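Following: one structure in structure tokens, then a few remarks.
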Amino acid sequence: MKFIFNKQKSTLRLEEPSNNYTEFELSLVVYPLNTNINADDFLILPFDEYTDEAEDEQRSAYLPKVDNVSKVFGLIISIVILIFFLIFLPQDLFSVQSVISILGAYTLGKDFWKDIENVLVKLTQNRRLSYKENQYYYFLKRNSTLDEFLEYSRELRYKANFFFPQKMDLIKESNSKTFKGFYKNFEKGAILFIKNLKNEDFNYSFSMKFSGIRKVLFIEFIDEYFQLLNDSASGAVVNDELLNDKVLVKRIVRIGNLKWYVREEVVGGSVMRFAPLT
């Protein structure tokens, strides 16, 4: 897989798709190098638009993801309380006290699962076997015919043929923005467009993680590629040292939210580069 950023068009494209992977994930941190520029001075399009629409509860191509796991955990806890009343206090099953207890168990169970997840993430951080939270907050809704017409108009607006991730997130910090996308269907085409809101030119530094996924039943075999790219550097950062023209690669096995880091290595080459200036 090869990604190309065209400075003149401010567009990131997937230029060389690979048949080695059935799915892929992309994380891209966009960091302006000019000290007078912050995250409010540029947009990652069309995803800034999608997240703004979703947060304002407007019609959008993406909808906030529902946390079903915590709901299931809360439901299990409430069922346990229900069984307790059935066995030990059947006469109080339909009392106000039992109803409040069951509903309260559901609510507390949802919150408790979030606490469990936070503990698991912290306990397994930087270990070979680690627990990772779901990193995507939005999912692509099923398009209607009118939505397809709208997307065609959006491509005319940006003068690029976009293909969209099935899940995504956009994280804004004070001086940077991070785009994350999960793709099941991919082809040669544009991924995102960066719009400069200032009347002056400025340079970006890109930090990319590309994850190529091969799935066998419920087990995912993942190759993660890490690369830094800006006007003066292209390579991997290992132990605070830049290794020019290198890529950091991690081999991973993932089952659900559990990740097993098999091995790590540094290889030559690149997964992202700038397009030649014309």
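Residues in the structure tokens are numbered from 1 in each chain, the chains being A, B, ... in the order shown, and ligands are numbered from 1 in the order shown.
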Surrounding residues of stretch 271-276 of chain A excluding itself and chain neighbours under 2 positions, 6 Å, only C-alpha atoms, as a list in words: Lys2, Phe3, Ile4, Phe5 and Asn6 of chain A
Write out as a ChimeraX atom specification which residues come within 9 Å of A:Lys195 when counting only C-alpha atoms, dropping same-chain ones fewer than 5 positions away. /A:10,41-45
Take the residues from that selection and put them in a file with N, CA and C atoms, as a CSV table (one decimal), in the first residue's frame.
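Heads up, here's the output in part_4.csv:
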```csv
chain,number,residue,atom,x,y,z
A,10,SER,N,-3.4,19.6,-1.7
A,10,SER,CA,-3.6,19.3,-0.3
A,10,SER,C,-4.4,18.1,-0.1
A,41,ASP,N,-6.8,26.5,12.6
A,41,ASP,CA,-6.4,27.1,11.3
A,41,ASP,C,-6.5,26.2,10.1
A,42,PHE,N,-6.9,25.0,10.3
A,42,PHE,CA,-7.1,24.1,9.1
A,42,PHE,C,-8.2,23.1,9.4
A,43,LEU,N,-8.7,22.5,8.3
A,43,LEU,CA,-9.7,21.5,8.4
A,43,LEU,C,-9.3,20.2,7.7
A,44,ILE,N,-9.7,19.1,8.2
A,44,ILE,CA,-9.5,17.8,7.5
A,44,ILE,C,-10.8,17.4,6.9
A,45,LEU,N,-11.0,17.6,5.6
A,45,LEU,CA,-12.2,17.4,4.9
A,45,LEU,C,-12.3,16.1,4.2
```
Please report, as number ranges by chain, each residue of stretch 62-133 of chain A to which DSSP assigns strand (DSSP E) when run on this structure's backbone. A: 62-64, 129-131
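Counting only C-alpha atoms and comparing A:Leu75, A:Leu258, A:Ile194, A:Leu129, the residue that lies closest to A:Phe112 is A:Leu75.
Nearest to A:Lys180 of all the residues A:Asn134, A:Ser205, A:Gln91, A:Ser234 is A:Asn134, counting only C-alpha atoms.
Proximity to A:Leu26 was assessed for A:Lys172, A:Lys177, A:Lys188, A:Lys167 counting only C-alpha atoms; the smallest distance is recorded for A:Lys167.
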Do a neighbour search on A:Trp260 at 7 Å with only C-alpha atoms, toss out local chain neighbours closer than 4 positions, and write the hits as a PyMOL selection string. chain A and resi 128-130+252-254
Could you give me the residues within stretch 39-135 of chain A that DSSP places in helix (DSSP H, G or I), as a PyMOL selection string? chain A and resi 39-41+47-55+68-88+90-92+96-124
Could you name the residues that touch A:Ala54 at 12 Å or less, counting only C-alpha atoms, but leaving out those on the same chain fewer than 2 positions away, as JSON, numbers by chain? {"A": [47, 48, 49, 50, 51, 52, 56, 57, 58, 59, 60, 61, 62, 63, 64, 65, 137, 138, 139, 140, 141, 169, 170]}
Close residues, A:Phe206 itself excluded, 6 Å, only C-alpha atoms, min 6 positions apart in chain, as a VMD selection string: chain A and resid 29 to 30 228 to 229
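Atom CA of A:Glu25 sits 12.3 Å away from atom CA of A:Glu220.
Atom CA of A:Ile87 sits 14.5 Å away from atom CA of A:Ile102.
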Name all residues at most 8 Å from stretch 154-162 of chain A (count only C-alpha atoms; drop same-chain ones fewer than 2 positions away) and give them as a PyMOL selection string. chain A and resi 150-152+164+189-193
Atoms kept (N, CA and C atoms) for selection, written as a short mmCIF file (atom, residue, chain, number, x, y, z; two decimals), in the first residue's frame:
```
data_model
loop_
_atom_site.label_atom_id
_atom_site.label_comp_id
_atom_site.auth_asym_id
_atom_site.auth_seq_id
_atom_site.Cartn_x
_atom_site.Cartn_y
_atom_site.Cartn_z
N LEU A 150 -25.67 13.24 -3.23
CA LEU A 150 -24.96 14.24 -2.43
C LEU A 150 -23.46 13.98 -2.44
N GLU A 151 -23.06 12.71 -2.31
CA GLU A 151 -21.64 12.38 -2.31
C GLU A 151 -21.01 12.68 -3.66
N TYR A 152 -21.76 12.49 -4.74
CA TYR A 152 -21.24 12.83 -6.07
C TYR A 152 -20.98 14.33 -6.17
N PHE A 164 -14.84 6.20 1.32
CA PHE A 164 -15.06 6.55 2.71
C PHE A 164 -14.89 5.35 3.64
N GLY A 189 -7.79 6.09 -4.89
CA GLY A 189 -8.60 7.30 -4.80
C GLY A 189 -8.22 8.15 -3.62
N ALA A 190 -8.93 9.27 -3.46
CA ALA A 190 -8.63 10.24 -2.40
C ALA A 190 -9.19 9.79 -1.06
N ILE A 191 -8.44 10.10 0.00
CA ILE A 191 -8.87 9.75 1.36
C ILE A 191 -9.32 11.00 2.10
N LEU A 192 -8.57 12.08 2.02
CA LEU A 192 -8.95 13.30 2.71
C LEU A 192 -8.31 14.51 2.04
N PHE A 193 -8.83 15.67 2.40
CA PHE A 193 -8.36 16.94 1.85
C PHE A 193 -8.13 17.90 3.02
#
```
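With only C-alpha atoms as the atoms that count, the residue of A:Ile255, A:Ile37, A:Val119, A:Leu243 with the shortest distance to A:Lys215 is A:Ile255.
With only C-alpha atoms as the atoms that count, the residue of A:Tyr21, A:Phe182, A:Tyr131, A:Tyr136 with the shortest distance to A:Ile213 is A:Tyr21.
Using only C-alpha atoms, the shortest contact distance between A:Gln227 and any of A:Glu264, A:Leu28, A:Leu103, A:Glu148 is found at A:Leu28.
Summary of the local environment: counting only C-alpha atoms, residues at most 9 Å from A:Trp113, other than itself and those fewer than 2 positions away along its chain, are Val69, Ser70, Lys71, Phe73, Gly74, Leu108, Gly109, Lys110, Asp111, Asp115, Ile116, Glu117 and Asn118 of chain A.
Atom CA of A:Ser27 is found 18.2 Å from atom CA of A:Tyr261.
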